[in-house]
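Enquirer: I'm passing along final31.txt; it holds compact mmCIF, C-alpha atoms.
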# COMPACT_ATOMS: atom_id res chain seq x y z
CA MET S 23 -2.33 -51.43 -20.98
CA PHE S 24 -1.91 -47.65 -20.86
CA SER S 25 -3.71 -45.58 -23.40
CA SER S 26 -2.76 -42.02 -24.04
CA THR S 27 -5.62 -39.64 -23.71
CA ARG S 28 -5.49 -36.11 -24.93
CA ILE S 29 -7.25 -33.28 -23.20
CA LYS S 30 -9.38 -31.30 -25.60
CA PRO S 31 -8.28 -27.67 -26.01
CA ALA S 32 -11.65 -26.32 -24.83
CA LEU S 33 -11.48 -28.41 -21.66
CA LEU S 34 -7.89 -27.33 -21.03
CA THR S 35 -8.87 -23.68 -21.44
CA THR S 36 -11.78 -24.11 -19.03
CA ILE S 37 -9.55 -25.76 -16.43
CA CYS S 38 -6.92 -23.02 -16.72
CA PHE S 39 -9.56 -20.31 -16.44
CA ALA S 40 -11.07 -21.97 -13.34
CA LEU S 41 -7.65 -22.20 -11.71
CA PHE S 42 -6.99 -18.54 -12.50
CA LEU S 43 -10.30 -17.46 -10.98
CA SER S 44 -9.78 -19.51 -7.85
CA SER S 45 -6.32 -17.99 -7.34
CA THR S 46 -7.57 -14.41 -7.73
CA VAL S 47 -10.50 -15.02 -5.41
CA SER S 48 -8.22 -16.47 -2.74
CA TYR S 49 -5.88 -13.47 -3.06
CA ALA S 50 -8.76 -11.05 -2.59
CA GLN S 51 -9.91 -12.97 0.46
CA ARG S 52 -6.52 -12.58 2.15
CA ARG S 53 -6.94 -8.81 2.36
CA PRO S 54 -9.55 -8.05 5.00
CA VAL S 55 -12.24 -5.44 4.43
CA LEU S 56 -12.08 -2.78 7.14
CA THR S 57 -15.32 -0.96 7.87
CA GLU S 58 -14.59 1.11 10.98
CA GLU S 59 -12.64 4.36 10.76
CA GLU S 60 -10.59 3.46 13.86
CA GLN S 61 -9.53 0.16 12.25
CA VAL S 62 -8.48 1.94 9.07
CA GLN S 63 -6.58 4.61 10.99
CA GLU S 64 -4.69 1.99 13.03
CA ALA S 65 -3.89 -0.12 9.95
CA VAL S 66 -2.67 2.90 7.94
CA SER S 67 -0.57 4.12 10.85
CA THR S 68 1.05 0.72 11.37
CA GLU S 69 1.78 0.17 7.68
CA VAL S 70 3.18 3.69 7.14
CA GLU S 71 5.47 3.34 10.15
CA THR S 72 6.63 -0.06 8.88
CA LEU S 73 7.17 1.38 5.40
CA PHE S 74 9.46 4.13 6.72
CA LYS S 75 11.44 1.69 8.85
CA SER S 76 11.91 -0.82 6.03
CA PRO S 77 15.48 -1.64 4.94
CA ASP S 78 14.78 -0.44 1.37
CA PHE S 79 13.54 2.95 2.50
CA LEU S 80 16.32 3.44 5.06
CA LYS S 81 19.00 2.43 2.56
CA LYS S 82 17.90 4.98 -0.03
CA LYS S 83 17.21 7.65 2.61
CA ASN S 84 20.67 7.23 4.13
CA LYS S 85 22.32 7.23 0.71
CA LYS S 86 20.57 10.25 -0.86
CA PHE S 87 19.12 12.15 2.09
CA SER S 88 21.38 11.31 5.06
CA ASP S 89 21.13 14.82 6.52
CA VAL S 90 17.31 14.88 6.56
CA LYS S 91 15.71 14.53 9.99
CA GLY S 92 12.43 15.77 11.42
CA TYR S 93 8.72 15.19 11.14
CA ILE S 94 6.04 15.42 8.49
CA THR S 95 2.32 15.59 9.24
CA VAL S 96 0.25 14.44 6.26
CA ASP S 97 -3.33 13.72 5.31
CA ILE S 98 -3.61 10.35 3.61
CA ALA S 99 -6.79 9.39 1.74
CA VAL S 100 -7.35 5.66 1.24
CA VAL S 101 -9.88 4.25 -1.22
CA GLN S 102 -11.65 0.93 -1.73
CA ASN S 103 -8.83 -1.17 -3.20
CA GLY S 104 -6.31 -0.23 -0.50
CA LYS S 105 -4.53 2.39 -2.59
CA LEU S 106 -3.94 6.00 -1.69
CA SER S 107 -5.95 8.57 -3.55
CA SER S 108 -4.08 11.52 -2.06
CA PHE S 109 -1.10 12.42 0.09
CA PHE S 110 -1.12 16.01 1.32
CA LYS S 111 1.54 17.66 3.52
CA VAL S 112 -0.09 19.54 6.41
CA ASP S 113 3.02 20.50 8.40
CA SER S 114 6.72 19.70 8.46
CA ASP S 115 10.03 20.92 9.76
CA ILE S 116 11.78 19.25 6.80
CA LYS S 117 12.51 21.70 4.00
CA ASN S 118 14.15 19.37 1.44
CA ILE S 119 11.70 19.32 -1.50
CA ASP S 120 13.36 16.31 -3.17
CA PHE S 121 12.95 14.28 0.03
CA MET S 122 9.29 15.31 0.30
CA GLU S 123 8.73 14.09 -3.26
CA TYR S 124 10.53 10.83 -2.46
CA ILE S 125 8.30 10.27 0.59
CA SER S 126 5.19 11.13 -1.41
CA ASP S 127 6.11 8.73 -4.21
CA THR S 128 6.96 5.98 -1.71
CA VAL S 129 3.60 6.22 0.02
CA LEU S 130 1.57 6.64 -3.17
CA GLU S 131 3.12 3.46 -4.62
CA HIS S 132 2.23 1.46 -1.51
CA LYS S 133 -0.82 -0.79 -1.54
CA PHE S 134 -2.26 -1.42 1.89
CA ALA S 135 -2.95 -4.93 3.19
CA PHE S 136 -6.66 -4.22 3.54
CA ARG S 137 -9.60 -3.11 1.46
CA LEU S 138 -12.53 -0.81 2.15
CA PRO S 139 -16.20 -1.34 1.35
CA LYS S 140 -17.31 -0.15 -2.09
CA GLN S 141 -17.50 3.61 -2.53
CA GLN S 142 -15.79 4.10 0.84
CA ARG S 143 -12.92 6.55 1.38
CA TYR S 144 -11.14 7.51 4.60
CA LYS S 145 -8.81 10.42 5.30
CA ILE S 146 -6.22 9.83 8.00
CA ARG S 147 -3.87 12.39 9.50
CA GLN S 148 -0.46 10.83 10.16
CA THR S 149 2.74 12.23 11.62
CA ILE S 150 5.86 10.57 10.24
CA ASN S 151 9.09 10.92 12.21
CA ILE S 152 12.24 10.73 10.11
CA GLU S 153 15.42 9.93 12.01
The structure given in the file should be rewritten as structure tokens.
Expert:
Amino acid sequence: MFSSTRIKPALLTTICFALFLSSTVSYAQRRPVLTEEEQVQEAVSTEVETLFKSPDFLKKKNKKFSDVKGYITVDIAVVQNGKLSSFFKVDSDIKNIDFMEYISDTVLEHKFAFRLPKQQRYKIRQTINIE
């Protein structure tokens, strides 16, 4: 009839490891590699605008910094894995230091939906309008 077969621990470990590798490879493949500076600039601009219009950002901004309005021009440096390596304020009419730190932390925690080729780094100048 039915016989119970047991999977050997080594085989089970190998299967689990293979599944883990296939899932991490598929995740990496979902994030495109951008090679042209114009592509990177457009992607960064779109994601930063989306980030500052997100419900989470707006909720906290309206709760803690409801009186803050204006613009901030920043230089954003993006590295290979889609993370920011630097966020530097170039110009702003916003004087609230706590809000500037909040914006900086928000952007620095963000991981972009793209990657760059190895050893590649792009610096993008972005103006963020806060309403």
Enquirer: Between S:Ile119, S:Val90, S:Val70, S:Ala135, single out the one closest to S:Arg147, counting all atoms listed in the file.
Expert: S:Val70
Enquirer: I'd like the interatomic distance between atom CA of S:Pro139 and atom CA of S:Lys111, to a tenth of an Å.
Expert: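 These two atoms are separated by 26.1 Å.
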Enquirer: At what distance in Å, to one decimal, does atom CA of S:Phe74 lie from atom CA of S:Leu138?
Expert: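 Going from atom CA of S:Leu138 over to atom CA of S:Phe74, I get 23.0 Å.
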Enquirer: Point out the residue among S:Thr68, S:Lys86, S:Gln148, S:Arg52 with the least atom-to-atom distance to S:Tyr124, counting all atoms listed in the file.
Expert: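 Of S:Thr68, S:Lys86, S:Gln148, S:Arg52, the one nearest S:Tyr124, counting all atoms listed in the file, is S:Lys86.
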Enquirer: Hey, can you pull every residue with an atom no more than 10 Å from (13.4, 9.4, 11.3), using all atoms listed in the file, and send it as a PyMOL selection string?
Expert: chain S and resi 74-75+80+83+90-94+150-153
Enquirer: Smallest atom-to-atom distance to S:Arg143: which of S:Val62, S:Leu130, S:Ile116, S:Ile125, using all atoms listed in the file?
Expert: S:Val62
Enquirer: Let me make sure I understand: among S:Asp120, S:Glu64, S:Asp127, S:Asp97, which one has the smallest atom-to-atom distance to S:Thr149 if we use only C-alpha atoms?
Expert: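 Result for the nearest residue to S:Thr149: S:Asp97.
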Enquirer: Which is closest to S:Val96 among S:Glu69, S:Glu131, S:Asp78, S:Asp113, if we use all atoms listed in the file?
Expert: S:Asp113
Enquirer: Using all atoms listed in the file, can you tell me which of S:Ile98, S:Phe121, S:Thr72, S:Ala65 comes closest to S:Lys85?
Expert: S:Phe121
